[in-house]
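The structure appears below as C-alpha cells.
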Amino acid sequence: MSEGNLTIPFFQSLSEFVLPLAISFYTFQMIAYLVDAWRGKFSESPFIHFLLFILFFPQLIAGPIMRHDDFYDQIDRSKLTFDFVQRGILHIISGLIKKVLIADQIAKMINPVYANPGEYDGVSILLSTFAFSFQVYGDFSGYTDLARGSAFLLGYEIPENFRSPFLSVSFTELWSRWHYTLSTWIRDYLYIPLGGNRVSELRYNLNTILVMSLSGLWHGNTYTFFLWGFFHGIFLSIERFAFGRPDRKSMSNLKKLFAVIWIFSIFSILATFFRIDTLEKISTFWTAIVNVKGKIIYKPDFWGLIIGSYIIQMIEYKQYFAEKLKPYTTWIIFFLSFFVYIALSKIEAPVETFIYFQF
C-alpha cells in the first residue's frame, strides 16, 4: 500500500478483469441448480426446460435469482390469465415509477455531490448518503418489478426480491427484505453448509461475517464491496450478541420508529462503500461533511422524492390495501398509466443505466 493511495493490491488487481454482463446472476442460478440436482431435490427434465430456466429474459440481466422450484413447475402449465395481465401491467408501471420517476431523479441530484463533495455543504453530504439508499432501492426494486411484470405477461410468476426493506427494525429483518433471493441463496448454499445456527456462538458470528463479506464480493471485485459486506456481517453479529433476534411484534411503536431510523441510517452510511470505490475517495467525501457553506440539494423536489419512495414502501408493506383495491384495478391501471405517461413526457434528460447491470 503506497502512501496517499489507499488501495489494496490484490483487490485492485481483481477489479481490472472485464467480466460478462450480469455474470453473477445466472452463475448463482446455475450453481443452485447443480447443487439441488446433486442433493436429489428434483428428477431429470428436458434440456430445453433448463435453457428456458437459465435464459428466461425478464430476469436474465439483474435477477431475481430463481431456483428450480420457482420456475419448472410452471413450464407445462403457464397460462396468460386476465389476473396475470393486470398484475403484469401494475408491476411494469410500478417499476417505471421507482426507476425513472424516483431513482433516476435522485441520481441527478446526488451524482454531482459524489463527484465533487467539496462544493457542497455538510448537510447535503449527509443527505446524499441517505438518498443513495433510496436510489438503489428504486433502481433495483424497479427492475425487479419490470422483470416480474414482463414474466406475468408471458404467463409466469417469478419471485419478488424486495419487501419494504427500509421499514425493517433489525439487520436480520433488513436482509430478509432486501434482495431477498440473494439473501436466501447465501443462507441455503453458504451459511447452512457452514453449520448455520447449529454451531457455537463464536463460529456462528464468524460464519455470518464470512458469508456477508462474500456477499460484498458478489456485488463487485473491489475491496470496498468486500468492506461493505464485512461491516454488515459485523453489525449482524453485534445485533445477535446484544439483542438476540429482535421481534417486531413485541416492540412498541416508538421503539419501532427508532429501530427503523437506526437500521436505515447504518445501512445508508455503509452504502458509501458500495458507491465509492476507494478508501481515499470515501475519506474525501466524508471530510466534506464539515463544510458550512456550499451548494445544497435539500429543496422541495428532493424531499418529494424521498417521501414518495417511503410511501411506496408503506403501501407495499400494507398488503391488505391490495385486496381492498382489487375491484378497482382497471381504473387504477388507467389512472397510473396516464400519470406515468404525463410524467415521462416531462423528463428531458435520458434515464440512468440500471445500477445492478454492472453485477
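Just so we're on the same page: first chain in the C-alpha cells is A, next is B, and so on; residues restart at 1 for each chain, and ligands are numbered from 1 in the order they show up.
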A:Arg245 surroundings by only C-alpha atoms, 10 Å radius, close-in-sequence under 2 positions cut, as number ranges by chain: A: 170-173, 236, 239-243, 247-248
Can I get the selection written as a PDB file, in the first residue's frame, with N, CA, C and O atoms?
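Final file, again-v4.pdb:
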ATOM      1  N   SER A 170     -34.598  -4.414  12.359  1.00  0.00           N
ATOM      2  CA  SER A 170     -33.354  -5.085  12.719  1.00  0.00           C
ATOM      3  C   SER A 170     -32.583  -5.401  11.440  1.00  0.00           C
ATOM      4  O   SER A 170     -33.159  -5.405  10.343  1.00  0.00           O
ATOM      5  N   PHE A 171     -31.290  -5.656  11.585  1.00  0.00           N
ATOM      6  CA  PHE A 171     -30.499  -6.028  10.417  1.00  0.00           C
ATOM      7  C   PHE A 171     -30.924  -7.394   9.886  1.00  0.00           C
ATOM      8  O   PHE A 171     -30.891  -7.647   8.684  1.00  0.00           O
ATOM      9  N   THR A 172     -31.330  -8.269  10.799  1.00  0.00           N
ATOM     10  CA  THR A 172     -31.822  -9.580  10.382  1.00  0.00           C
ATOM     11  C   THR A 172     -33.046  -9.426   9.503  1.00  0.00           C
ATOM     12  O   THR A 172     -33.158 -10.059   8.442  1.00  0.00           O
ATOM     13  N   GLU A 173     -33.972  -8.569   9.928  1.00  0.00           N
ATOM     14  CA  GLU A 173     -35.171  -8.343   9.118  1.00  0.00           C
ATOM     15  C   GLU A 173     -34.833  -7.643   7.815  1.00  0.00           C
ATOM     16  O   GLU A 173     -35.401  -7.948   6.760  1.00  0.00           O
ATOM     17  N   LEU A 236     -24.590  -7.472  12.031  1.00  0.00           N
ATOM     18  CA  LEU A 236     -25.477  -8.608  12.282  1.00  0.00           C
ATOM     19  C   LEU A 236     -25.027  -9.384  13.521  1.00  0.00           C
ATOM     20  O   LEU A 236     -25.852  -9.802  14.346  1.00  0.00           O
ATOM     21  N   GLU A 239     -25.696  -7.295  16.677  1.00  0.00           N
ATOM     22  CA  GLU A 239     -27.125  -7.310  16.974  1.00  0.00           C
ATOM     23  C   GLU A 239     -27.534  -8.608  17.662  1.00  0.00           C
ATOM     24  O   GLU A 239     -28.278  -8.591  18.654  1.00  0.00           O
ATOM     25  N   ARG A 240     -27.045  -9.737  17.168  1.00  0.00           N
ATOM     26  CA  ARG A 240     -27.387 -11.029  17.773  1.00  0.00           C
ATOM     27  C   ARG A 240     -26.840 -11.111  19.192  1.00  0.00           C
ATOM     28  O   ARG A 240     -27.513 -11.587  20.118  1.00  0.00           O
ATOM     29  N   PHE A 241     -25.601 -10.636  19.380  1.00  0.00           N
ATOM     30  CA  PHE A 241     -24.977 -10.694  20.697  1.00  0.00           C
ATOM     31  C   PHE A 241     -25.705  -9.800  21.697  1.00  0.00           C
ATOM     32  O   PHE A 241     -25.928 -10.178  22.857  1.00  0.00           O
ATOM     33  N   ALA A 242     -26.116  -8.611  21.263  1.00  0.00           N
ATOM     34  CA  ALA A 242     -26.705  -7.631  22.185  1.00  0.00           C
ATOM     35  C   ALA A 242     -28.210  -7.817  22.388  1.00  0.00           C
ATOM     36  O   ALA A 242     -28.724  -7.598  23.485  1.00  0.00           O
ATOM     37  N   PHE A 243     -28.917  -8.219  21.320  1.00  0.00           N
ATOM     38  CA  PHE A 243     -30.385  -8.232  21.401  1.00  0.00           C
ATOM     39  C   PHE A 243     -31.003  -9.586  21.054  1.00  0.00           C
ATOM     40  O   PHE A 243     -32.228  -9.731  21.129  1.00  0.00           O
ATOM     41  N   ASP A 247     -37.806  -8.923  17.883  1.00  0.00           N
ATOM     42  CA  ASP A 247     -39.141  -9.324  17.455  1.00  0.00           C
ATOM     43  C   ASP A 247     -40.001  -8.085  17.270  1.00  0.00           C
ATOM     44  O   ASP A 247     -40.281  -7.353  18.227  1.00  0.00           O
ATOM     45  N   ARG A 248     -40.430  -7.845  16.039  1.00  0.00           N
ATOM     46  CA  ARG A 248     -41.237  -6.668  15.733  1.00  0.00           C
ATOM     47  C   ARG A 248     -42.519  -6.640  16.568  1.00  0.00           C
ATOM     48  O   ARG A 248     -42.947  -5.577  17.038  1.00  0.00           O
TER      49      ARG A 248
END
Using only C-alpha atoms, find each residue of stretch 143-204 of chain A with at least one atom at most 12 Å away from an atom of stretch 266-276 of chain A; report its shortest atom-to-atom pair and that distance in Å (one decimal), sort the rows by chain and rising residue number, and return the result as a Markdown table.
| residue | atom | partner | partner_atom | distance |
| --- | --- | --- | --- | --- |
| A:Pro165 | CA | A:Phe267 | CA | 10.4 |
| A:Phe166 | CA | A:Phe267 | CA | 9.1 |
| A:Leu167 | CA | A:Phe267 | CA | 12.0 |
| A:Ser168 | CA | A:Phe267 | CA | 10.8 |
| A:Val169 | CA | A:Phe267 | CA | 11.9 |
| A:Ser170 | CA | A:Phe267 | CA | 10.8 |
| A:Phe171 | CA | A:Phe267 | CA | 8.8 |
| A:Leu174 | CA | A:Phe267 | CA | 9.2 |
| A:Trp175 | CA | A:Phe267 | CA | 10.7 |
| A:Trp178 | CA | A:Phe267 | CA | 11.0 |
Write out the residues from the selection above, keeping N, CA and C atoms, as a short mmCIF file (atom, residue, chain, number, x, y, z; two decimals), in the first residue's frame.
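Okay, this is what ended up in part-v2.cif:
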data_model
loop_
_atom_site.label_atom_id
_atom_site.label_comp_id
_atom_site.auth_asym_id
_atom_site.auth_seq_id
_atom_site.Cartn_x
_atom_site.Cartn_y
_atom_site.Cartn_z
N PRO A 165 -37.85 -2.87 2.48
CA PRO A 165 -36.68 -3.06 3.35
C PRO A 165 -36.42 -1.92 4.33
N PHE A 166 -36.79 -0.69 3.97
CA PHE A 166 -36.45 0.43 4.84
C PHE A 166 -37.46 0.63 5.97
N LEU A 167 -38.34 -0.35 6.15
CA LEU A 167 -39.23 -0.36 7.31
C LEU A 167 -38.78 -1.44 8.30
N SER A 168 -37.59 -1.98 8.10
CA SER A 168 -37.07 -3.05 8.96
C SER A 168 -36.67 -2.50 10.32
N VAL A 169 -36.84 -3.33 11.35
CA VAL A 169 -36.49 -2.92 12.71
C VAL A 169 -35.23 -3.63 13.21
N SER A 170 -34.60 -4.41 12.36
CA SER A 170 -33.35 -5.09 12.72
C SER A 170 -32.58 -5.40 11.44
N PHE A 171 -31.29 -5.66 11.58
CA PHE A 171 -30.50 -6.03 10.42
C PHE A 171 -30.92 -7.39 9.89
N LEU A 174 -33.89 -6.71 7.87
CA LEU A 174 -33.49 -6.00 6.66
C LEU A 174 -33.06 -6.97 5.57
N TRP A 175 -32.24 -7.96 5.95
CA TRP A 175 -31.71 -8.89 4.95
C TRP A 175 -32.72 -9.97 4.58
N TRP A 178 -34.36 -7.15 1.81
CA TRP A 178 -33.54 -6.52 0.77
C TRP A 178 -32.88 -7.61 -0.08
#
Selection near A:Asp36, 10 Å with only C-alpha atoms, sequence-local residues under 6 positions removed, as a list in words: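 Within the cut-off, the hits are Met30, Phe42, Arg67, His68, Asp69 and Tyr189 of chain A.
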How would the residues just chosen look if you wrote them out with N, CA and C atoms as a short mmCIF file (atom, residue, chain, number, x, y, z; two decimals), in the first residue's frame?
data_model
loop_
_atom_site.label_atom_id
_atom_site.label_comp_id
_atom_site.auth_asym_id
_atom_site.auth_seq_id
_atom_site.Cartn_x
_atom_site.Cartn_y
_atom_site.Cartn_z
N MET A 30 -27.22 -21.11 -11.81
CA MET A 30 -26.75 -22.42 -12.26
C MET A 30 -26.10 -23.21 -11.11
N PHE A 42 -34.79 -32.79 -7.29
CA PHE A 42 -35.69 -32.93 -8.44
C PHE A 42 -35.13 -33.98 -9.38
N ARG A 67 -34.76 -20.27 -8.38
CA ARG A 67 -34.43 -21.66 -8.10
C ARG A 67 -35.22 -22.56 -9.05
N HIS A 68 -34.83 -23.81 -9.11
CA HIS A 68 -35.54 -24.79 -9.92
C HIS A 68 -37.03 -24.82 -9.60
N ASP A 69 -37.37 -24.87 -8.31
CA ASP A 69 -38.78 -24.99 -7.93
C ASP A 69 -39.55 -23.68 -8.07
N TYR A 189 -26.90 -21.96 0.45
CA TYR A 189 -25.75 -22.57 -0.23
C TYR A 189 -24.39 -22.18 0.37
#
Spatial neighbours of A:Gly155, max dist 10 Å, only C-alpha atoms, sep filter under 3 positions, as a list of chain:residue names: A:Gln74, A:Ile75, A:Arg77, A:Ser78, A:Lys79, A:Leu80, A:Thr81, A:Phe84, A:Val85, A:Gly88, A:Gly149, A:Ser150, A:Ala151, A:Phe152
I need the residues from that last selection saved to file as a short mmCIF file (atom, residue, chain, number, x, y, z; two decimals), in the first residue's frame (with all heavy atoms), if you can.
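Output saved as again_24.cif:
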data_model
loop_
_atom_site.label_atom_id
_atom_site.label_comp_id
_atom_site.auth_asym_id
_atom_site.auth_seq_id
_atom_site.Cartn_x
_atom_site.Cartn_y
_atom_site.Cartn_z
N GLN A 74 -44.00 -24.37 -13.54
CA GLN A 74 -44.87 -23.51 -14.34
C GLN A 74 -44.76 -23.75 -15.83
O GLN A 74 -45.62 -23.31 -16.61
CB GLN A 74 -44.55 -22.04 -14.05
CG GLN A 74 -44.68 -21.61 -12.61
CD GLN A 74 -44.42 -20.12 -12.43
OE1 GLN A 74 -45.17 -19.28 -12.93
NE2 GLN A 74 -43.35 -19.79 -11.73
N ILE A 75 -43.68 -24.44 -16.26
CA ILE A 75 -43.39 -24.55 -17.69
C ILE A 75 -44.53 -25.20 -18.46
O ILE A 75 -44.97 -24.69 -19.50
CB ILE A 75 -42.08 -25.30 -17.92
CG1 ILE A 75 -40.90 -24.47 -17.39
CG2 ILE A 75 -41.88 -25.61 -19.41
CD1 ILE A 75 -39.55 -25.15 -17.51
N ARG A 77 -47.62 -25.61 -17.49
CA ARG A 77 -48.96 -25.12 -17.19
C ARG A 77 -49.04 -23.60 -17.20
O ARG A 77 -50.00 -23.02 -16.69
CB ARG A 77 -49.42 -25.65 -15.83
CG ARG A 77 -48.51 -25.30 -14.67
CD ARG A 77 -49.03 -25.89 -13.35
NE ARG A 77 -48.16 -25.57 -12.22
CZ ARG A 77 -48.23 -24.46 -11.52
NH1 ARG A 77 -49.12 -23.55 -11.85
NH2 ARG A 77 -47.41 -24.24 -10.51
N SER A 78 -48.03 -22.95 -17.79
CA SER A 78 -48.07 -21.49 -17.88
C SER A 78 -49.26 -21.07 -18.75
O SER A 78 -49.52 -21.64 -19.80
CB SER A 78 -46.77 -20.95 -18.47
OG SER A 78 -46.57 -21.46 -19.77
N LYS A 79 -49.97 -20.06 -18.28
CA LYS A 79 -51.17 -19.63 -18.99
C LYS A 79 -51.39 -18.16 -18.70
O LYS A 79 -51.35 -17.72 -17.55
CB LYS A 79 -52.38 -20.46 -18.53
CG LYS A 79 -53.66 -20.15 -19.28
CD LYS A 79 -54.79 -21.04 -18.79
CE LYS A 79 -56.09 -20.73 -19.52
NZ LYS A 79 -57.21 -21.59 -19.05
N LEU A 80 -51.64 -17.41 -19.74
CA LEU A 80 -51.87 -15.98 -19.58
C LEU A 80 -53.34 -15.75 -19.21
O LEU A 80 -54.24 -15.98 -20.01
CB LEU A 80 -51.53 -15.23 -20.87
CG LEU A 80 -51.60 -13.71 -20.80
CD1 LEU A 80 -50.64 -13.17 -19.74
CD2 LEU A 80 -51.28 -13.09 -22.15
N THR A 81 -53.54 -15.31 -17.98
CA THR A 81 -54.89 -15.04 -17.49
C THR A 81 -55.11 -13.54 -17.37
O THR A 81 -54.16 -12.74 -17.41
CB THR A 81 -55.11 -15.70 -16.12
OG1 THR A 81 -54.20 -15.11 -15.17
CG2 THR A 81 -54.86 -17.20 -16.20
N PHE A 84 -53.18 -12.23 -14.47
CA PHE A 84 -51.76 -12.05 -14.77
C PHE A 84 -51.53 -10.79 -15.61
O PHE A 84 -50.52 -10.10 -15.44
CB PHE A 84 -51.22 -13.28 -15.49
CG PHE A 84 -50.63 -14.31 -14.56
CD1 PHE A 84 -51.07 -14.44 -13.26
CD2 PHE A 84 -49.62 -15.17 -14.99
CE1 PHE A 84 -50.54 -15.37 -12.40
CE2 PHE A 84 -49.07 -16.12 -14.14
CZ PHE A 84 -49.53 -16.22 -12.84
N VAL A 85 -52.44 -10.50 -16.53
CA VAL A 85 -52.30 -9.29 -17.34
C VAL A 85 -52.37 -8.05 -16.45
O VAL A 85 -51.55 -7.13 -16.57
CB VAL A 85 -53.40 -9.23 -18.42
CG1 VAL A 85 -53.40 -7.86 -19.12
CG2 VAL A 85 -53.18 -10.33 -19.46
N GLY A 88 -49.28 -7.93 -14.29
CA GLY A 88 -48.12 -7.59 -15.12
C GLY A 88 -48.04 -6.11 -15.42
O GLY A 88 -46.99 -5.47 -15.27
N GLY A 149 -43.27 -8.07 -13.94
CA GLY A 149 -44.38 -7.68 -14.81
C GLY A 149 -44.29 -8.33 -16.18
O GLY A 149 -45.28 -8.82 -16.72
N SER A 150 -43.08 -8.34 -16.75
CA SER A 150 -42.87 -8.98 -18.06
C SER A 150 -43.16 -10.47 -17.98
O SER A 150 -43.75 -11.05 -18.89
CB SER A 150 -41.44 -8.74 -18.53
OG SER A 150 -41.17 -7.37 -18.66
N ALA A 151 -42.74 -11.09 -16.87
CA ALA A 151 -42.98 -12.52 -16.69
C ALA A 151 -44.47 -12.82 -16.58
O ALA A 151 -44.97 -13.79 -17.17
CB ALA A 151 -42.24 -13.03 -15.45
N PHE A 152 -45.19 -11.99 -15.83
CA PHE A 152 -46.65 -12.17 -15.73
C PHE A 152 -47.30 -12.14 -17.11
O PHE A 152 -48.20 -12.93 -17.40
CB PHE A 152 -47.26 -11.08 -14.84
CG PHE A 152 -47.18 -11.36 -13.37
CD1 PHE A 152 -46.62 -10.43 -12.49
CD2 PHE A 152 -47.68 -12.54 -12.85
CE1 PHE A 152 -46.56 -10.68 -11.14
CE2 PHE A 152 -47.63 -12.80 -11.48
CZ PHE A 152 -47.06 -11.87 -10.63
#
Gap from atom CA of A:Gln29 to atom CA of A:Ile54 - Å, one decimal: 7.3 Å
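Nearest residue to A:Ala131 among A:Arg203, A:Lys256, A:Arg198, A:Lys108 is A:Lys108, counting only C-alpha atoms.
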